[in-house]
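Structure file target32.txt (compact mmCIF, C-alpha atoms) is printed below.
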```txt
# COMPACT_ATOMS: atom_id res chain seq x y z
CA MET A 30 153.82 24.50 -91.25
CA ASN A 31 157.22 25.49 -92.65
CA THR A 32 158.48 26.23 -89.12
CA ILE A 33 157.24 22.87 -87.87
CA MET A 34 158.97 21.04 -90.73
CA LYS A 35 162.23 22.85 -89.95
CA GLN A 36 162.08 21.80 -86.32
CA LEU A 37 161.30 18.23 -87.36
CA LYS A 38 164.49 18.24 -89.43
CA VAL A 39 166.56 19.87 -86.68
CA ARG A 40 165.34 17.37 -84.08
CA ARG A 41 165.23 14.20 -86.18
CA ASP A 42 168.02 12.76 -84.02
CA GLU A 43 165.60 12.77 -81.07
CA MET A 44 163.11 10.70 -83.05
CA LEU A 45 165.82 8.22 -84.01
CA PHE A 46 166.77 8.11 -80.33
CA ASP A 47 163.15 7.24 -79.44
CA ILE A 48 163.19 4.31 -81.86
CA CYS A 49 166.51 3.09 -80.41
CA ILE A 50 165.17 3.40 -76.86
CA CYS A 51 162.09 1.40 -77.80
CA MET A 52 164.31 -1.30 -79.30
CA ALA A 53 166.36 -1.28 -76.08
CA GLY A 54 163.13 -1.61 -74.09
CA ALA A 55 162.10 -4.60 -76.23
CA ALA A 56 165.51 -6.21 -75.66
CA LEU A 57 165.18 -5.58 -71.92
CA GLY A 58 161.72 -7.17 -71.94
CA VAL A 59 163.01 -10.24 -73.81
CA ILE A 60 165.86 -10.63 -71.31
CA GLY A 61 163.35 -10.30 -68.47
CA CYS A 62 161.17 -13.03 -69.99
CA LEU A 63 164.17 -15.33 -70.42
CA ILE A 64 165.29 -14.77 -66.83
CA GLY A 65 161.75 -15.26 -65.51
CA GLU A 66 161.32 -18.44 -67.53
CA TYR A 67 164.67 -19.77 -66.29
CA MET A 68 163.98 -18.90 -62.66
CA GLY A 69 160.40 -20.15 -62.76
CA GLY A 70 161.07 -23.41 -64.54
CA ARG A 71 159.76 -24.77 -67.81
CA GLY A 72 156.13 -24.33 -66.78
CA GLU A 73 156.50 -20.56 -66.47
CA ASN A 74 155.55 -18.97 -69.80
CA LEU A 75 156.08 -15.20 -69.84
CA TRP A 76 156.00 -14.78 -73.60
CA GLY A 77 152.97 -12.77 -74.62
CA SER A 78 152.30 -11.63 -71.06
CA GLY A 79 152.77 -7.94 -71.91
CA ILE A 80 156.12 -7.57 -70.15
CA ILE A 81 157.97 -6.64 -73.35
CA THR A 82 155.31 -4.07 -74.30
CA PHE A 83 155.48 -2.65 -70.79
CA CYS A 84 159.27 -2.25 -70.99
CA VAL A 85 159.06 -0.58 -74.42
CA PHE A 86 156.37 1.86 -73.29
CA LEU A 87 157.88 2.66 -69.89
CA LEU A 88 161.45 3.15 -71.11
CA GLY A 89 160.28 5.17 -74.10
CA MET A 90 158.12 7.51 -71.99
CA LEU A 91 160.86 7.95 -69.38
CA ALA A 92 163.44 8.82 -72.03
CA LEU A 93 161.00 11.20 -73.74
CA ALA A 94 160.32 13.04 -70.48
CA ILE A 95 164.03 13.54 -69.72
CA THR A 96 165.18 14.43 -73.24
CA GLY A 97 162.06 16.53 -73.88
CA ILE A 98 162.83 18.80 -70.93
CA ALA A 99 166.49 19.03 -71.99
CA SER A 100 165.33 19.88 -75.50
CA VAL A 101 163.33 22.86 -74.25
CA LEU A 102 166.45 24.24 -72.58
CA PHE A 103 168.71 23.70 -75.58
CA HIS A 104 166.46 24.46 -78.55
CA PHE A 105 164.76 27.52 -77.06
CA ASN A 106 168.05 29.37 -76.69
CA LEU A 107 169.36 28.01 -80.01
CA LEU A 108 166.34 28.65 -82.24
CA VAL A 109 165.05 31.86 -80.67
CA GLY A 110 168.63 33.14 -80.57
CA MET A 111 168.79 32.52 -84.34
CA SER A 112 165.74 34.73 -85.08
CA CYS A 113 163.01 32.11 -84.69
CA THR A 114 160.00 33.72 -82.99
CA ARG A 115 158.85 32.37 -79.66
CA LYS A 116 155.43 31.51 -81.10
CA ASP A 117 157.01 29.52 -83.93
CA PHE A 118 159.26 27.72 -81.44
CA LEU A 119 156.23 26.73 -79.36
CA LYS A 120 154.31 25.46 -82.38
CA GLY A 121 157.25 23.42 -83.59
CA PHE A 122 158.18 22.08 -80.16
CA ILE A 123 154.64 20.91 -79.39
CA ALA A 124 154.36 19.27 -82.82
CA VAL A 125 157.70 17.47 -82.49
CA THR A 126 156.86 16.27 -78.97
CA LEU A 127 153.52 14.89 -80.18
CA VAL A 128 155.32 13.09 -83.03
CA ARG A 129 157.76 11.59 -80.51
CA PHE A 130 154.85 10.39 -78.38
CA LEU A 131 153.29 8.79 -81.47
CA ILE A 132 156.57 7.05 -82.34
CA ILE A 133 156.73 5.46 -78.87
CA TYR A 134 153.03 4.66 -79.05
CA GLY A 135 153.48 3.04 -82.48
CA CYS A 136 156.49 0.97 -81.36
CA SER A 137 154.56 -0.18 -78.30
CA GLY A 138 151.59 -1.09 -80.50
CA ILE A 139 153.72 -3.19 -82.84
CA VAL A 140 155.28 -5.07 -79.92
CA TYR A 141 151.82 -5.50 -78.36
CA LEU A 142 150.48 -7.09 -81.54
CA VAL A 143 153.51 -9.40 -81.79
CA GLU A 144 153.16 -10.41 -78.14
CA GLY A 145 149.46 -11.06 -78.66
CA CYS A 146 150.33 -13.91 -81.02
CA ALA A 147 151.93 -15.79 -78.10
CA GLY A 148 148.59 -15.87 -76.24
CA ALA A 149 149.77 -16.09 -72.63
CA ALA A 150 147.03 -16.85 -70.10
CA SER A 151 147.96 -14.03 -67.73
CA GLY A 152 150.33 -11.12 -67.50
CA VAL A 153 150.57 -7.34 -67.45
CA ASP A 154 147.35 -5.65 -68.55
CA MET A 155 148.44 -3.16 -71.23
CA SER A 156 144.96 -2.45 -72.58
CA ILE A 157 145.01 1.05 -71.06
CA VAL A 158 147.90 1.96 -73.36
CA PHE A 159 145.65 1.42 -76.36
CA SER A 160 142.53 3.14 -75.04
CA MET A 161 141.20 6.66 -75.62
CA LEU A 162 142.74 7.62 -72.27
CA MET A 163 146.08 7.75 -74.09
CA VAL A 164 144.95 10.91 -75.88
CA LEU A 165 144.71 12.70 -72.53
CA ILE A 166 147.98 11.14 -71.34
CA ILE A 167 149.82 12.38 -74.44
CA MET A 168 148.37 15.88 -74.06
CA ALA A 169 149.19 15.95 -70.34
CA GLY A 170 152.69 14.61 -70.95
CA THR A 171 153.40 17.32 -73.51
CA ALA A 172 152.12 19.99 -71.09
CA VAL A 173 154.26 18.66 -68.21
CA ILE A 174 157.42 18.53 -70.35
CA LEU A 175 156.84 22.08 -71.57
CA PHE A 176 156.09 23.29 -68.04
CA ALA A 177 159.19 21.70 -66.51
CA GLY A 178 161.41 23.08 -69.25
CA ALA A 179 159.90 26.55 -68.94
CA CYS A 180 160.41 26.55 -65.16
CA ILE A 181 164.07 25.56 -65.47
CA LEU A 182 164.62 28.26 -68.11
CA LYS A 183 162.95 30.85 -65.88
CA PHE A 184 164.30 29.96 -62.43
CA GLY A 185 167.42 27.94 -63.18
CA TYR A 186 168.36 24.41 -62.16
CA LYS A 187 167.55 25.06 -58.51
CA VAL A 188 163.89 24.48 -59.37
CA THR A 189 164.75 20.83 -60.07
CA TRP A 190 164.93 20.36 -56.29
CA VAL A 191 161.24 21.22 -56.16
CA PHE A 192 160.50 18.64 -58.86
CA TRP A 193 162.64 16.08 -57.02
CA THR A 194 160.73 16.74 -53.77
CA VAL A 195 157.38 16.29 -55.51
CA TRP A 196 158.62 13.08 -57.15
CA MET A 197 159.90 11.62 -53.88
CA ALA A 198 156.66 12.55 -52.14
CA ALA A 199 154.70 10.77 -54.87
CA CYS A 200 156.89 7.67 -54.41
CA ILE A 201 156.96 7.56 -50.60
CA LEU A 202 153.60 8.94 -49.45
CA PRO A 203 151.33 6.19 -50.87
CA SER A 204 153.02 3.46 -48.83
CA ARG A 205 153.06 5.64 -45.69
CA ILE A 206 149.38 6.49 -46.10
CA SER A 207 148.44 2.86 -46.77
CA SER A 208 150.34 1.68 -43.69
CA ALA A 209 148.78 4.37 -41.47
CA MET A 210 145.27 3.52 -42.70
CA SER A 211 145.80 -0.21 -42.16
CA ASN A 212 146.90 0.35 -38.56
CA HIS A 213 144.32 3.09 -37.85
CA THR A 214 146.99 5.26 -36.29
CA GLY A 215 144.92 8.44 -36.38
CA SER A 216 147.98 10.31 -37.66
CA ILE A 217 147.98 12.95 -40.37
CA PHE A 218 148.74 10.22 -42.92
CA ASP A 219 145.73 8.22 -41.74
CA ARG A 220 143.44 11.24 -42.01
CA LEU A 221 144.93 12.16 -45.39
CA GLY A 222 144.31 8.63 -46.66
CA LYS A 223 140.68 8.70 -45.57
CA PHE A 224 140.19 12.06 -47.24
CA LEU A 225 141.73 10.78 -50.49
CA VAL A 226 139.53 7.68 -50.43
CA LYS A 227 136.41 9.83 -50.06
CA ALA A 228 137.60 12.15 -52.82
CA ALA A 229 138.30 9.20 -55.12
CA ASP A 230 134.83 7.76 -54.47
CA ALA A 231 133.29 11.07 -55.53
CA PHE A 232 135.08 10.95 -58.89
CA THR A 233 133.61 9.31 -61.95
CA PRO A 234 135.54 8.64 -65.18
CA VAL A 235 133.92 11.75 -66.65
CA THR A 236 134.85 14.07 -63.76
CA ALA A 237 138.36 12.60 -63.55
CA SER A 238 138.87 13.20 -67.29
CA ALA A 239 137.49 16.73 -66.96
CA LEU A 240 139.93 17.46 -64.11
CA GLY A 241 142.79 16.04 -66.17
CA VAL A 242 141.88 18.23 -69.14
CA PHE A 243 141.57 21.29 -66.87
CA LEU A 244 145.01 20.74 -65.31
CA THR A 245 146.53 20.11 -68.74
CA VAL A 246 145.11 23.37 -70.08
CA VAL A 247 146.29 25.31 -67.00
CA LEU A 248 149.84 23.91 -67.25
CA SER A 249 149.91 24.63 -70.99
CA ILE A 250 148.79 28.24 -70.54
CA ILE A 251 151.33 28.87 -67.77
CA SER A 252 154.12 27.31 -69.86
CA ILE A 253 153.22 29.30 -72.98
CA VAL A 254 153.06 32.60 -71.08
CA MET A 255 156.42 31.90 -69.41
CA LEU A 256 158.14 31.01 -72.69
CA LEU A 257 156.68 33.97 -74.58
CA ARG A 258 158.27 36.24 -71.96
CA GLN A 259 161.51 34.28 -71.58
CA ASP A 260 164.83 35.89 -72.52
CA VAL A 261 167.47 34.01 -74.48
CA ARG A 262 170.39 32.96 -72.31
CA TYR A 263 173.74 31.78 -73.66
```

Let's see the structure in the file written out as structure tokens.
Amino acid sequence: MNTIMKQLKVRRDEMLFDICICMAGAALGVIGCLIGEYMGGRGENLWGSGIITFCVFLLGMLALAITGIASVLFHFNLLVGMSCTRKDFLKGFIAVTLVRFLIIYGCSGIVYLVEGCAGAASGVDMSIVFSMLMVLIIMAGTAVILFAGACILKFGYKVTWVFWTVWMAACILPSRISSAMSNHTGSIFDRLGKFLVKAADAFTPVTASALGVFLTVVLSIISIVMLLRQDVRY
């Protein structure tokens, strides 16, 4: 517990940064609502539609992912190089990351409650953010941040090209697969889309959650093993 408290003190600037990012997300959402109301005319009411909550949550999670990975790189070499054990670093890092997730979650919840008072008829459905699924999302997010940071520490920044390739594939492939399936081209994208549809039909919420937990545990174990064996680099 003492180690965790020390890391919380060392990294309190990151938590303040999360609060500032959430405030920036709220400001961005308000500007978006004003622009949408202006462009759509007086009859367009975007207040309370969930747009502000969405901006707070999305911007906060994006900033946490980027700064969390950078924090692994910086604080591992700093703390372990100053006689902190690798196990204590892992305990503290996981605890701090969970606290940062909770800060963003709490800010999003406050904005969600405020937006709910406006009572818009339609908008962005943010109910998933405040469901039990968020527990799995927070655990998975922590595992992914730790895994990405551990990989960069181990293999250097060249591994970021692998992450970039995976990210671009995740952004581009869905539209390519959807287009191929719509036109029944018979291409590899068409066949891949049909396979994914069949696989998705076979999943239930229980099996999907079980798979998510399994992947989270696997990523966590790999990350922990890598960091326990990682040398300090200056």

In Å, how far is it from atom CA of Ala237 of chain A to atom CA of Ile253 of chain A?
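Going from atom CA of Ala237 of chain A over to atom CA of Ile253 of chain A covers 24.3 Å.
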
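Between Asp117 of chain A and the residues A:Leu257, A:Ile250, A:Thr245, A:Thr194, the shortest atom-to-atom distance, using only C-alpha atoms, involves A:Leu257.
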
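Each of A:Leu165, A:Ala177, A:Cys62, A:Val254 was checked against Thr189 of chain A using all atoms listed in the file; the smallest atom-to-atom distance is that of A:Ala177.
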
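Shortest separation to Leu221 of chain A among A:Ala94, A:Ile206, A:Val191, A:Ala169 occurs at residue A:Ile206, atoms counted being only C-alpha atoms.
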
For Thr82 of chain A, which of A:Trp196, A:Tyr141, A:Trp190, A:Phe243 is the closest residue, counting only C-alpha atoms?
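When distances to Thr82 of chain A are compared using only C-alpha atoms, the smallest one comes from A:Tyr141.
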
Show me the residues around (158.8, 15.5, -83.3) - criterion: an atom at most 7 Å away, only C-alpha atoms counted - as number ranges by chain.
A: 37, 40, 44, 124-129
